[in-house]
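So this one's final29.cif, mmCIF, C-alpha atoms:
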data_model
loop_
_atom_site.label_atom_id
_atom_site.label_comp_id
_atom_site.auth_asym_id
_atom_site.auth_seq_id
_atom_site.Cartn_x
_atom_site.Cartn_y
_atom_site.Cartn_z
CA MET A 241 2.68 2.88 -17.71
CA PRO A 242 2.73 6.10 -19.70
CA ALA A 243 4.88 9.00 -18.57
CA ILE A 244 2.52 11.39 -16.88
CA THR A 245 2.89 14.98 -18.03
CA PRO A 246 1.24 17.07 -15.35
CA THR A 247 -1.06 19.70 -16.80
CA PRO A 248 0.48 23.05 -15.84
CA ALA A 249 -1.29 24.43 -12.77
CA SER A 250 -2.17 27.45 -14.85
CA ARG A 251 -3.92 25.33 -17.44
CA GLN A 252 -6.87 22.97 -17.26
CA PRO A 253 -7.10 19.80 -19.31
CA GLY A 254 -9.18 20.05 -22.49
CA TYR A 255 -11.98 17.98 -20.94
CA HIS A 256 -12.37 20.35 -17.97
CA ASP A 257 -15.95 21.35 -18.82
CA ASP A 258 -16.90 17.74 -19.64
CA LYS A 259 -15.24 16.21 -16.59
CA ALA A 260 -18.48 14.99 -14.99
CA ALA A 261 -19.64 13.46 -18.29
CA VAL A 262 -16.30 11.72 -18.90
CA LEU A 263 -16.28 10.35 -15.33
CA ALA A 264 -19.86 9.11 -15.76
CA ARG A 265 -18.91 7.27 -18.95
CA LEU A 266 -15.87 5.70 -17.28
CA LYS A 267 -18.02 4.67 -14.31
CA ARG A 268 -20.44 2.98 -16.73
CA ILE A 269 -17.54 1.19 -18.46
CA GLU A 270 -16.28 0.01 -15.06
CA GLY A 271 -19.77 -1.46 -14.58
CA GLN A 272 -19.52 -3.20 -17.96
CA ILE A 273 -16.15 -4.73 -17.00
CA ARG A 274 -17.56 -5.96 -13.70
CA GLY A 275 -20.56 -7.33 -15.59
CA LEU A 276 -18.10 -9.24 -17.79
CA GLN A 277 -16.49 -10.75 -14.69
CA ARG A 278 -19.89 -11.92 -13.45
CA MET A 279 -20.68 -13.39 -16.88
CA VAL A 280 -17.41 -15.33 -16.94
CA ASP A 281 -17.88 -16.39 -13.32
CA ASP A 282 -21.35 -17.71 -14.25
CA ASP A 283 -19.97 -19.68 -17.25
CA THR A 284 -21.96 -17.55 -19.72
CA TYR A 285 -21.78 -18.72 -23.32
CA CYS A 286 -18.60 -17.42 -25.08
CA ILE A 287 -20.43 -15.50 -27.80
CA ASP A 288 -22.49 -13.53 -25.27
CA VAL A 289 -19.33 -12.62 -23.37
CA LEU A 290 -17.72 -11.53 -26.68
CA THR A 291 -20.73 -9.33 -27.52
CA GLN A 292 -20.25 -7.52 -24.20
CA VAL A 293 -16.50 -7.18 -24.81
CA SER A 294 -17.32 -5.48 -28.15
CA ALA A 295 -19.77 -3.14 -26.40
CA ALA A 296 -17.19 -2.16 -23.74
CA THR A 297 -14.56 -1.61 -26.46
CA LYS A 298 -16.91 0.70 -28.37
CA ALA A 299 -17.72 2.60 -25.16
CA LEU A 300 -13.98 3.13 -24.53
CA GLN A 301 -13.50 4.34 -28.10
CA SER A 302 -16.32 6.85 -27.58
CA VAL A 303 -14.56 8.21 -24.49
CA ALA A 304 -11.39 8.56 -26.59
CA VAL A 305 -13.26 10.45 -29.32
CA GLN A 306 -14.75 12.82 -26.72
CA LEU A 307 -11.35 13.43 -25.11
CA LEU A 308 -9.79 14.10 -28.53
CA ASP A 309 -12.57 16.50 -29.47
CA ASP A 310 -12.06 18.44 -26.23
CA HIS A 311 -8.30 18.35 -26.72
CA LEU A 312 -8.56 19.85 -30.23
CA ARG A 313 -11.10 22.43 -29.07
CA HIS A 314 -9.05 23.65 -26.12
CA CYS A 315 -5.39 22.54 -25.89
CA VAL A 316 -4.64 22.45 -29.64
CA ALA A 317 -6.64 25.62 -30.34
CA ASN A 318 -4.84 27.47 -27.51
CA ALA A 319 -1.43 26.40 -28.82
CA VAL A 320 -2.34 27.49 -32.37
CA GLN A 321 -3.56 30.87 -31.13
CA SER A 322 -0.46 31.44 -28.99
CA ASP A 323 1.53 32.19 -32.16
CA ASP A 324 4.33 30.04 -30.71
CA LEU A 325 4.99 28.01 -33.87
CA GLY A 326 7.23 25.51 -32.14
CA GLU A 327 4.64 24.77 -29.45
CA SER A 328 1.85 24.59 -32.02
CA ASP A 329 3.85 22.11 -34.11
CA ARG A 330 4.72 20.02 -31.05
CA ILE A 331 1.14 19.77 -29.84
CA ILE A 332 -0.24 18.82 -33.26
CA THR A 333 2.41 16.10 -33.69
CA GLU A 334 1.50 14.82 -30.22
CA ALA A 335 -2.23 14.79 -31.10
CA SER A 336 -1.56 12.94 -34.38
CA ARG A 337 0.37 10.25 -32.51
CA ALA A 338 -2.50 9.82 -30.05
CA ILE A 339 -4.92 9.52 -33.00
CA GLU A 340 -2.61 6.94 -34.59
CA ARG A 341 -2.56 4.82 -31.42
CA LEU A 342 -6.37 4.90 -31.35
CA VAL A 343 -6.87 4.20 -35.07
CA LYS A 344 -4.46 1.26 -34.91
CA SER A 345 -5.90 -0.23 -31.71
CA MET B 17 -28.04 -5.68 -23.71
CA PRO B 18 -27.35 -8.89 -25.65
CA ALA B 19 -29.78 -11.78 -25.42
CA ILE B 20 -28.15 -14.25 -23.06
CA THR B 21 -28.04 -17.79 -24.36
CA PRO B 22 -27.42 -19.96 -21.34
CA THR B 23 -24.71 -22.51 -21.93
CA PRO B 24 -26.46 -25.91 -21.73
CA ALA B 25 -25.92 -27.37 -18.27
CA SER B 26 -24.30 -30.33 -19.95
CA ARG B 27 -21.73 -28.14 -21.65
CA GLN B 28 -19.06 -25.80 -20.35
CA PRO B 29 -18.14 -22.56 -22.08
CA GLY B 30 -15.05 -22.72 -24.30
CA TYR B 31 -12.99 -20.71 -21.80
CA HIS B 32 -13.67 -23.18 -18.96
CA ASP B 33 -10.02 -24.19 -18.52
CA ASP B 34 -8.86 -20.56 -18.80
CA LYS B 35 -11.50 -19.11 -16.50
CA ALA B 36 -9.06 -17.94 -13.83
CA ALA B 37 -6.81 -16.32 -16.45
CA VAL B 38 -9.74 -14.55 -18.14
CA LEU B 39 -11.03 -13.30 -14.77
CA ALA B 40 -7.53 -12.06 -13.85
CA ARG B 41 -7.30 -10.12 -17.14
CA LEU B 42 -10.75 -8.57 -16.58
CA LYS B 43 -9.79 -7.65 -13.01
CA ARG B 44 -6.69 -5.91 -14.36
CA ILE B 45 -8.80 -4.05 -16.95
CA GLU B 46 -11.19 -2.97 -14.18
CA GLY B 47 -8.11 -1.54 -12.43
CA GLN B 48 -7.15 0.31 -15.62
CA ILE B 49 -10.65 1.84 -15.87
CA ARG B 50 -10.52 2.95 -12.24
CA GLY B 51 -7.04 4.37 -12.89
CA LEU B 52 -8.57 6.34 -15.77
CA GLN B 53 -11.19 7.76 -13.40
CA ARG B 54 -8.46 8.87 -11.00
CA MET B 55 -6.51 10.45 -13.87
CA VAL B 56 -9.57 12.43 -15.02
CA ASP B 57 -10.41 13.36 -11.44
CA ASP B 58 -6.85 14.69 -11.03
CA ASP B 59 -7.08 16.76 -14.27
CA THR B 60 -4.32 14.70 -15.92
CA TYR B 61 -3.22 15.99 -19.33
CA CYS B 62 -5.56 14.76 -22.13
CA ILE B 63 -2.87 12.92 -24.09
CA ASP B 64 -1.83 10.86 -21.06
CA VAL B 65 -5.45 9.90 -20.44
CA LEU B 66 -5.77 8.93 -24.13
CA THR B 67 -2.66 6.75 -23.93
CA GLN B 68 -4.26 4.83 -21.06
CA VAL B 69 -7.56 4.53 -22.98
CA SER B 70 -5.60 2.93 -25.86
CA ALA B 71 -3.92 0.53 -23.43
CA ALA B 72 -7.26 -0.52 -21.90
CA THR B 73 -8.76 -0.97 -25.39
CA LYS B 74 -5.87 -3.23 -26.42
CA ALA B 75 -6.25 -5.24 -23.20
CA LEU B 76 -9.96 -5.76 -23.95
CA GLN B 77 -9.13 -6.86 -27.50
CA SER B 78 -6.66 -9.39 -26.09
CA VAL B 79 -9.39 -10.85 -23.88
CA ALA B 80 -11.60 -11.10 -26.97
CA VAL B 81 -8.89 -12.92 -28.93
CA GLN B 82 -8.38 -15.39 -26.05
CA LEU B 83 -12.15 -16.03 -25.77
CA LEU B 84 -12.39 -16.57 -29.53
CA ASP B 85 -9.43 -18.95 -29.52
CA ASP B 86 -11.04 -20.99 -26.72
CA HIS B 87 -14.39 -20.87 -28.52
CA LEU B 88 -12.87 -22.26 -31.76
CA ARG B 89 -10.89 -24.88 -29.85
CA HIS B 90 -13.86 -26.17 -27.87
CA CYS B 91 -17.35 -25.07 -28.92
CA VAL B 92 -16.73 -24.86 -32.69
CA ALA B 93 -14.58 -28.01 -32.73
CA ASN B 94 -17.26 -29.93 -30.78
CA ALA B 95 -19.99 -28.80 -33.20
CA VAL B 96 -17.88 -29.80 -36.22
CA GLN B 97 -17.14 -33.22 -34.73
CA SER B 98 -20.79 -33.82 -33.88
CA ASP B 99 -21.54 -34.47 -37.57
CA ASP B 100 -24.68 -32.36 -37.13
CA LEU B 101 -24.20 -30.22 -40.25
CA GLY B 102 -26.94 -27.76 -39.33
CA GLU B 103 -25.47 -27.15 -35.88
CA SER B 104 -21.94 -26.89 -37.28
CA ASP B 105 -23.10 -24.34 -39.87
CA ARG B 106 -24.99 -22.34 -37.24
CA ILE B 107 -22.10 -22.15 -34.82
CA ILE B 108 -19.59 -21.09 -37.51
CA THR B 109 -21.95 -18.34 -38.75
CA GLU B 110 -22.33 -17.18 -35.15
CA ALA B 111 -18.53 -17.15 -34.64
CA SER B 112 -18.01 -15.18 -37.88
CA ARG B 113 -20.49 -12.55 -36.72
CA ALA B 114 -18.69 -12.20 -33.40
CA ILE B 115 -15.39 -11.82 -35.28
CA GLU B 116 -17.00 -9.18 -37.51
CA ARG B 117 -18.18 -7.17 -34.47
CA LEU B 118 -14.65 -7.26 -33.06
CA VAL B 119 -12.88 -6.44 -36.34
CA LYS B 120 -15.21 -3.50 -36.95
CA SER B 121 -15.01 -2.13 -33.40
CA MET C 15 -20.93 7.87 -51.67
CA PRO C 16 -19.91 10.85 -49.55
CA ALA C 17 -21.07 14.33 -50.42
CA ILE C 18 -18.08 16.03 -51.98
CA THR C 19 -17.35 19.46 -50.57
CA PRO C 20 -15.13 21.17 -53.09
CA THR C 21 -12.15 22.87 -51.50
CA PRO C 22 -12.64 26.60 -52.07
CA ALA C 23 -10.57 27.67 -55.10
CA SER C 24 -8.83 30.08 -52.80
CA ARG C 25 -7.73 27.37 -50.42
CA GLN C 26 -5.60 24.29 -50.86
CA PRO C 27 -6.32 21.01 -49.11
CA GLY C 28 -4.27 20.37 -45.97
CA TYR C 29 -2.19 17.69 -47.72
CA HIS C 30 -1.08 20.10 -50.48
CA ASP C 31 2.63 19.91 -49.60
CA ASP C 32 2.47 16.12 -49.11
CA LYS C 33 0.45 15.41 -52.26
CA ALA C 34 3.20 13.43 -53.99
CA ALA C 35 3.82 11.35 -50.85
CA VAL C 36 0.10 10.64 -50.37
CA LEU C 37 -0.27 9.65 -54.03
CA ALA C 38 2.78 7.37 -53.77
CA ARG C 39 1.27 5.63 -50.72
CA LEU C 40 -2.07 5.17 -52.49
CA LYS C 41 -0.26 3.81 -55.58
CA ARG C 42 1.50 1.28 -53.34
CA ILE C 43 -1.81 0.29 -51.74
CA GLU C 44 -3.32 -0.17 -55.21
CA GLY C 45 -0.41 -2.54 -55.88
CA GLN C 46 -1.21 -4.43 -52.64
CA ILE C 47 -4.86 -4.80 -53.70
CA ARG C 48 -3.85 -6.10 -57.11
CA GLY C 49 -1.41 -8.45 -55.41
CA LEU C 50 -4.35 -9.71 -53.34
CA GLN C 51 -6.30 -10.41 -56.52
CA ARG C 52 -3.40 -12.43 -57.91
CA MET C 53 -3.11 -14.36 -54.63
CA VAL C 54 -6.82 -15.25 -54.71
CA ASP C 55 -6.64 -16.07 -58.41
CA ASP C 56 -3.72 -18.45 -57.65
CA ASP C 57 -5.66 -20.15 -54.81
CA THR C 58 -3.15 -18.94 -52.20
CA TYR C 59 -3.72 -20.30 -48.70
CA CYS C 60 -6.39 -18.29 -46.80
CA ILE C 61 -4.11 -17.24 -43.94
CA ASP C 62 -1.52 -15.76 -46.31
CA VAL C 63 -4.26 -13.79 -48.07
CA LEU C 64 -5.51 -12.57 -44.67
CA THR C 65 -2.00 -11.45 -43.68
CA GLN C 66 -1.87 -9.29 -46.80
CA VAL C 67 -5.37 -7.91 -46.12
CA SER C 68 -4.13 -6.83 -42.65
CA ALA C 69 -1.08 -5.18 -44.23
CA ALA C 70 -3.21 -3.25 -46.75
CA THR C 71 -5.59 -2.18 -43.96
CA LYS C 72 -2.70 -0.86 -41.88
CA ALA C 73 -1.32 1.00 -44.92
CA LEU C 74 -4.73 2.66 -45.47
CA GLN C 75 -4.87 3.64 -41.79
CA SER C 76 -1.42 5.24 -42.11
CA VAL C 77 -2.66 7.32 -45.06
CA ALA C 78 -5.61 8.41 -42.90
CA VAL C 79 -3.31 9.42 -40.04
CA GLN C 80 -1.14 11.46 -42.42
CA LEU C 81 -4.20 13.20 -43.95
CA LEU C 82 -5.52 13.99 -40.47
CA ASP C 83 -2.17 15.37 -39.34
CA ASP C 84 -2.04 17.65 -42.40
CA HIS C 85 -5.67 18.62 -41.85
CA LEU C 86 -5.01 19.67 -38.23
CA ARG C 87 -1.80 21.46 -39.19
CA HIS C 88 -3.37 23.50 -42.00
CA CYS C 89 -7.18 23.55 -42.27
CA VAL C 90 -7.97 23.36 -38.54
CA ALA C 91 -5.12 25.72 -37.58
CA ASN C 92 -6.27 28.26 -40.22
CA ALA C 93 -9.84 28.15 -38.97
CA VAL C 94 -8.70 28.60 -35.35
CA GLN C 95 -6.50 31.56 -36.29
CA SER C 96 -9.28 33.19 -38.32
CA ASP C 97 -11.01 34.24 -35.08
CA ASP C 98 -14.30 33.15 -36.68
CA LEU C 99 -15.57 31.15 -33.70
CA GLY C 100 -18.46 29.58 -35.63
CA GLU C 101 -16.14 28.33 -38.39
CA SER C 102 -13.57 27.14 -35.90
CA ASP C 103 -16.25 25.20 -34.01
CA ARG C 104 -17.65 23.72 -37.22
CA ILE C 105 -14.29 22.52 -38.52
CA ILE C 106 -13.31 20.90 -35.20
CA THR C 107 -16.65 19.08 -34.98
CA GLU C 108 -16.11 17.87 -38.56
CA ALA C 109 -12.57 16.67 -37.73
CA SER C 110 -13.81 14.82 -34.63
CA ARG C 111 -16.42 13.00 -36.71
CA ALA C 112 -13.77 11.94 -39.23
CA ILE C 113 -11.60 10.69 -36.35
CA GLU C 114 -14.59 8.78 -34.97
CA ARG C 115 -15.22 7.05 -38.31
CA LEU C 116 -11.56 6.00 -38.43
CA VAL C 117 -11.35 4.86 -34.80
CA LYS C 118 -14.52 2.80 -35.19
CA SER C 119 -13.53 1.24 -38.53
CA MET D 45 6.05 -9.72 -47.32
CA PRO D 46 4.47 -12.72 -45.59
CA ALA D 47 5.89 -16.16 -46.07
CA ILE D 48 3.63 -17.84 -48.60
CA THR D 49 2.46 -21.30 -47.62
CA PRO D 50 1.29 -22.92 -50.82
CA THR D 51 -2.06 -24.63 -50.44
CA PRO D 52 -1.40 -28.35 -50.91
CA ALA D 53 -2.24 -29.31 -54.51
CA SER D 54 -4.68 -31.79 -53.08
CA ARG D 55 -6.54 -29.09 -51.18
CA GLN D 56 -8.35 -25.98 -52.26
CA PRO D 57 -8.32 -22.78 -50.24
CA GLY D 58 -11.34 -22.22 -48.00
CA TYR D 59 -12.68 -19.47 -50.29
CA HIS D 60 -12.72 -21.77 -53.35
CA ASP D 61 -16.49 -21.61 -53.82
CA ASP D 62 -16.52 -17.84 -53.18
CA LYS D 63 -13.54 -17.05 -55.38
CA ALA D 64 -15.51 -14.98 -57.92
CA ALA D 65 -17.22 -13.00 -55.14
CA VAL D 66 -13.91 -12.33 -53.32
CA LEU D 67 -12.27 -11.23 -56.58
CA ALA D 68 -15.23 -8.94 -57.35
CA ARG D 69 -14.93 -7.31 -53.91
CA LEU D 70 -11.17 -6.81 -54.37
CA LYS D 71 -11.76 -5.34 -57.84
CA ARG D 72 -14.22 -2.87 -56.29
CA ILE D 73 -11.70 -1.96 -53.59
CA GLU D 74 -9.07 -1.40 -56.30
CA GLY D 75 -11.56 1.02 -57.86
CA GLN D 76 -11.97 2.78 -54.50
CA ILE D 77 -8.18 3.18 -54.17
CA ARG D 78 -7.94 4.59 -57.68
CA GLY D 79 -10.84 6.91 -56.86
CA LEU D 80 -8.83 8.08 -53.85
CA GLN D 81 -5.88 8.87 -56.11
CA ARG D 82 -8.12 10.95 -58.37
CA MET D 83 -9.56 12.78 -55.35
CA VAL D 84 -6.08 13.65 -54.07
CA ASP D 85 -4.94 14.60 -57.57
CA ASP D 86 -7.95 16.95 -57.81
CA ASP D 87 -7.16 18.55 -54.40
CA THR D 88 -10.41 17.28 -52.90
CA TYR D 89 -11.12 18.53 -49.38
CA CYS D 90 -9.29 16.43 -46.73
CA ILE D 91 -12.43 15.30 -44.91
CA ASP D 92 -14.00 13.90 -48.08
CA VAL D 93 -10.81 11.98 -48.83
CA LEU D 94 -10.83 10.64 -45.25
CA THR D 95 -14.46 9.51 -45.60
CA GLN D 96 -13.46 7.45 -48.63
CA VAL D 97 -10.42 6.03 -46.81
CA SER D 98 -12.81 4.86 -44.04
CA ALA D 99 -15.09 3.27 -46.66
CA ALA D 100 -12.19 1.41 -48.32
CA THR D 101 -10.93 0.24 -44.90
CA LYS D 102 -14.37 -1.14 -44.04
CA ALA D 103 -14.56 -2.89 -47.43
CA LEU D 104 -11.18 -4.55 -46.78
CA GLN D 105 -12.35 -5.65 -43.32
CA SER D 106 -15.44 -7.22 -44.90
CA VAL D 107 -13.23 -9.22 -47.28
CA ALA D 108 -11.23 -10.37 -44.26
CA VAL D 109 -14.39 -11.48 -42.44
CA GLN D 110 -15.57 -13.43 -45.51
CA LEU D 111 -12.15 -15.13 -45.90
CA LEU D 112 -12.14 -16.05 -42.19
CA ASP D 113 -15.66 -17.44 -42.38
CA ASP D 114 -14.68 -19.61 -45.37
CA HIS D 115 -11.48 -20.63 -43.60
CA LEU D 116 -13.37 -21.79 -40.49
CA ARG D 117 -16.01 -23.54 -42.58
CA HIS D 118 -13.54 -25.48 -44.71
CA CYS D 119 -9.88 -25.54 -43.62
CA VAL D 120 -10.47 -25.47 -39.85
CA ALA D 121 -13.44 -27.85 -40.04
CA ASN D 122 -11.42 -30.31 -42.18
CA ALA D 123 -8.52 -30.24 -39.74
CA VAL D 124 -10.86 -30.82 -36.79
CA GLN D 125 -12.56 -33.74 -38.55
CA SER D 126 -9.22 -35.31 -39.51
CA ASP D 127 -8.75 -36.47 -35.90
CA ASP D 128 -5.13 -35.35 -36.19
CA LEU D 129 -5.01 -33.45 -32.88
CA GLY D 130 -1.64 -31.83 -33.60
CA GLU D 131 -2.82 -30.50 -36.97
CA SER D 132 -6.13 -29.36 -35.51
CA ASP D 133 -4.33 -27.50 -32.73
CA ARG D 134 -1.87 -25.92 -35.19
CA ILE D 135 -4.57 -24.67 -37.55
CA ILE D 136 -6.67 -23.15 -34.74
CA THR D 137 -3.64 -21.35 -33.30
CA GLU D 138 -2.89 -20.04 -36.80
CA ALA D 139 -6.50 -18.84 -37.24
CA SER D 140 -6.46 -17.10 -33.83
CA ARG D 141 -3.29 -15.23 -34.78
CA ALA D 142 -4.88 -14.08 -38.05
CA ILE D 143 -7.95 -12.91 -36.09
CA GLU D 144 -5.65 -11.07 -33.67
CA ARG D 145 -3.88 -9.24 -36.51
CA LEU D 146 -7.29 -8.16 -37.88
CA VAL D 147 -8.78 -7.14 -34.53
CA LYS D 148 -5.68 -5.09 -33.69
CA SER D 149 -5.45 -3.41 -37.11
#

Could you spell out this file's structure in structure tokens?
Amino acid sequence: MPAITPTPASRQPGYHDDKAAVLARLKRIEGQIRGLQRMVDDDTYCIDVLTQVSAATKALQSVAVQLLDDHLRHCVANAVQSDDLGESDRIITEASRAIERLVKS
Amino acid sequence: MPAITPTPASRQPGYHDDKAAVLARLKRIEGQIRGLQRMVDDDTYCIDVLTQVSAATKALQSVAVQLLDDHLRHCVANAVQSDDLGESDRIITEASRAIERLVKS
Amino acid sequence: MPAITPTPASRQPGYHDDKAAVLARLKRIEGQIRGLQRMVDDDTYCIDVLTQVSAATKALQSVAVQLLDDHLRHCVANAVQSDDLGESDRIITEASRAIERLVKS
Amino acid sequence: MPAITPTPASRQPGYHDDKAAVLARLKRIEGQIRGLQRMVDDDTYCIDVLTQVSAATKALQSVAVQLLDDHLRHCVANAVQSDDLGESDRIITEASRAIERLVKS
């Protein structure tokens, strides 16, 4: 479980304006995972299950790319514009580590 | 949507003996995706959502690796032992393509 | 072949201060690729070759993460601070697409 | 550095028949890595360097997929046909671990 940093009440997460779209994508991915359970339950051929696992993985990566885009556009941009160099440095380092986890997963 | 090749009635999918374990992993991933929806709904900080997306992606990749291992151990091994060279060639080409989709996703 | 956008003469690439480090990493990766050629030339066992391919892939991904970090820290931060909203939007979209190519490769 | 398991003198690596093609691919990747060094040396714009890093990463993944395909087709198939269950089990576990390293890199 990751440590959960609450977004300050005064600030919205970067994906605020895309919240409905992000939720819709996650809902669709939940459907794909349930579909996978049905496939396995029905003894579907391995390769067909694997094709669906690849599709769900790609869908999750697309959510990540959207969240990162929103994060750069809002949270990182706000920190850079705040002229607080320490905060700007901290938030870019944090974004790079998130990118690293995604690139290496 | 992938074309669904039904497993011949006479043959079980490669993951037959691991079915309960695969279903348990998928159930857990479904929980992770629902957790992601709650996080987004609660305006959780972008980076924390991204960390959970990476975790769910890795969990899906682990399911894929288990399915591939079972597929090699059962379906591919059976085809190779059948001495039907055409079938053996076909099933290895099919496995390589599935591996390619996973490596490139 | 990608279209090459020359960095404006007036501006240095984001990795300017890390140039020596980036070149050293790429030199090391070139050595890994040559090592792979020697391994194949010597008929080294497939799995050992594959282990080295994974290592070289990870090393390339680390170069990408460093380049992205420098890009956010310099090029993206400069665009955001320029108060040119169109340019800021363009450069973030461009960065997100580069991240997408890396996450999906 | 990985431990190097020498291929038994009596046995050729799985890629034996594709050796020239694998070497040609690796030679081309070496060229891509050198091209990357020239780009960095010439202060090429970050995003163009990143595009080439993605291309080289994909090329390395394609070599991996070819090596795995050859490995399944020859080394794994031979082990399965040998009727030595212990050896067959060992070589499939080893292949699955190599696939895991690739999928997670």

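Of note, CA of Arg41 (chain B) and CA of Leu307 (chain A) are spaced 25.2 Å apart.
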
*Fewer than 5 positions away in the same chain doesn't count, so skip those; otherwise give me all residues within 8 Å of Ile63 (chain B), counting all atoms listed in the file, as a PyMOL selection string.*
chain A and resi 334-335+338

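With distances taken over all atoms listed in the file, B:Cys62 is the one residue among B:Glu116, B:Asp33, B:Cys62, B:Arg54 lying closest to chain A.
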
*Please write the residues picked by the PyMOL selection byres ((chain C) within 12 of (chain B)) on this file as a ChimeraX atom specification.*
/C:68,71,114-119

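Note that the spacing between CA of Ser302 (chain A) and CA of Gln76 (chain D) amounts to 27.6 Å.
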
Take chain B, lay it over chain D with a least-squares fit on all the Cα atoms in order, then hand it over as a short mmCIF file (atom, residue, chain, number, x, y, z; two decimals) with C-alpha atoms, in the coordinates of the input.
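Resulting contents of part.cif:
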data_model
loop_
_atom_site.label_atom_id
_atom_site.label_comp_id
_atom_site.auth_asym_id
_atom_site.auth_seq_id
_atom_site.Cartn_x
_atom_site.Cartn_y
_atom_site.Cartn_z
CA MET B 17 6.11 -9.78 -47.25
CA PRO B 18 4.48 -12.80 -45.59
CA ALA B 19 5.95 -16.25 -46.10
CA ILE B 20 3.70 -17.91 -48.65
CA THR B 21 2.53 -21.36 -47.66
CA PRO B 22 1.34 -22.97 -50.85
CA THR B 23 -2.01 -24.65 -50.45
CA PRO B 24 -1.34 -28.39 -50.97
CA ALA B 25 -2.24 -29.31 -54.54
CA SER B 26 -4.68 -31.80 -53.10
CA ARG B 27 -6.51 -29.11 -51.19
CA GLN B 28 -8.36 -25.98 -52.24
CA PRO B 29 -8.30 -22.78 -50.22
CA GLY B 30 -11.33 -22.21 -47.98
CA TYR B 31 -12.67 -19.47 -50.27
CA HIS B 32 -12.72 -21.77 -53.32
CA ASP B 33 -16.49 -21.62 -53.80
CA ASP B 34 -16.54 -17.85 -53.19
CA LYS B 35 -13.56 -17.05 -55.39
CA ALA B 36 -15.51 -14.98 -57.91
CA ALA B 37 -17.21 -13.00 -55.13
CA VAL B 38 -13.91 -12.33 -53.33
CA LEU B 39 -12.27 -11.23 -56.59
CA ALA B 40 -15.23 -8.93 -57.36
CA ARG B 41 -14.93 -7.31 -53.91
CA LEU B 42 -11.16 -6.80 -54.37
CA LYS B 43 -11.76 -5.33 -57.84
CA ARG B 44 -14.23 -2.88 -56.30
CA ILE B 45 -11.70 -1.96 -53.58
CA GLU B 46 -9.06 -1.39 -56.28
CA GLY B 47 -11.56 1.03 -57.85
CA GLN B 48 -11.97 2.79 -54.50
CA ILE B 49 -8.18 3.19 -54.17
CA ARG B 50 -7.93 4.61 -57.68
CA GLY B 51 -10.84 6.93 -56.86
CA LEU B 52 -8.84 8.10 -53.84
CA GLN B 53 -5.88 8.88 -56.11
CA ARG B 54 -8.13 10.96 -58.37
CA MET B 55 -9.57 12.78 -55.35
CA VAL B 56 -6.08 13.66 -54.07
CA ASP B 57 -4.95 14.61 -57.56
CA ASP B 58 -7.96 16.97 -57.81
CA ASP B 59 -7.17 18.58 -54.40
CA THR B 60 -10.44 17.29 -52.90
CA TYR B 61 -11.15 18.55 -49.38
CA CYS B 62 -9.32 16.44 -46.73
CA ILE B 63 -12.45 15.31 -44.90
CA ASP B 64 -14.01 13.92 -48.09
CA VAL B 65 -10.83 12.00 -48.84
CA LEU B 66 -10.86 10.65 -45.25
CA THR B 67 -14.47 9.52 -45.60
CA GLN B 68 -13.47 7.47 -48.65
CA VAL B 69 -10.43 6.04 -46.81
CA SER B 70 -12.82 4.84 -44.05
CA ALA B 71 -15.10 3.27 -46.66
CA ALA B 72 -12.19 1.42 -48.32
CA THR B 73 -10.94 0.24 -44.90
CA LYS B 74 -14.38 -1.15 -44.04
CA ALA B 75 -14.57 -2.89 -47.43
CA LEU B 76 -11.19 -4.54 -46.77
CA GLN B 77 -12.35 -5.66 -43.32
CA SER B 78 -15.44 -7.21 -44.92
CA VAL B 79 -13.23 -9.21 -47.28
CA ALA B 80 -11.24 -10.37 -44.26
CA VAL B 81 -14.39 -11.48 -42.43
CA GLN B 82 -15.57 -13.42 -45.51
CA LEU B 83 -12.15 -15.12 -45.89
CA LEU B 84 -12.13 -16.03 -42.20
CA ASP B 85 -15.66 -17.43 -42.38
CA ASP B 86 -14.69 -19.60 -45.37
CA HIS B 87 -11.47 -20.63 -43.61
CA LEU B 88 -13.38 -21.79 -40.48
CA ARG B 89 -16.02 -23.53 -42.59
CA HIS B 90 -13.53 -25.46 -44.71
CA CYS B 91 -9.89 -25.53 -43.62
CA VAL B 92 -10.47 -25.48 -39.83
CA ALA B 93 -13.45 -27.85 -40.04
CA ASN B 94 -11.43 -30.29 -42.19
CA ALA B 95 -8.52 -30.23 -39.72
CA VAL B 96 -10.87 -30.83 -36.77
CA GLN B 97 -12.57 -33.73 -38.54
CA SER B 98 -9.25 -35.31 -39.49
CA ASP B 99 -8.77 -36.47 -35.88
CA ASP B 100 -5.15 -35.35 -36.18
CA LEU B 101 -5.01 -33.45 -32.87
CA GLY B 102 -1.66 -31.83 -33.61
CA GLU B 103 -2.84 -30.52 -36.97
CA SER B 104 -6.15 -29.35 -35.51
CA ASP B 105 -4.33 -27.49 -32.72
CA ARG B 106 -1.89 -25.92 -35.19
CA ILE B 107 -4.57 -24.67 -37.55
CA ILE B 108 -6.69 -23.16 -34.74
CA THR B 109 -3.64 -21.35 -33.30
CA GLU B 110 -2.89 -20.04 -36.78
CA ALA B 111 -6.50 -18.85 -37.24
CA SER B 112 -6.46 -17.10 -33.83
CA ARG B 113 -3.30 -15.23 -34.79
CA ALA B 114 -4.87 -14.07 -38.04
CA ILE B 115 -7.94 -12.90 -36.09
CA GLU B 116 -5.65 -11.06 -33.66
CA ARG B 117 -3.89 -9.23 -36.53
CA LEU B 118 -7.27 -8.15 -37.89
CA VAL B 119 -8.76 -7.14 -34.53
CA LYS B 120 -5.68 -5.08 -33.70
CA SER B 121 -5.42 -3.41 -37.11
#

*Got a sec: who's within 10 Å of Tyr255 (chain A), counting all atoms listed in the file, leaving out chain neighbours fewer than 4 positions off, as an MDAnalysis selection string?*
(chainID A and resid 259:262 306:311 313:315) or (chainID B and resid 56 59:62)
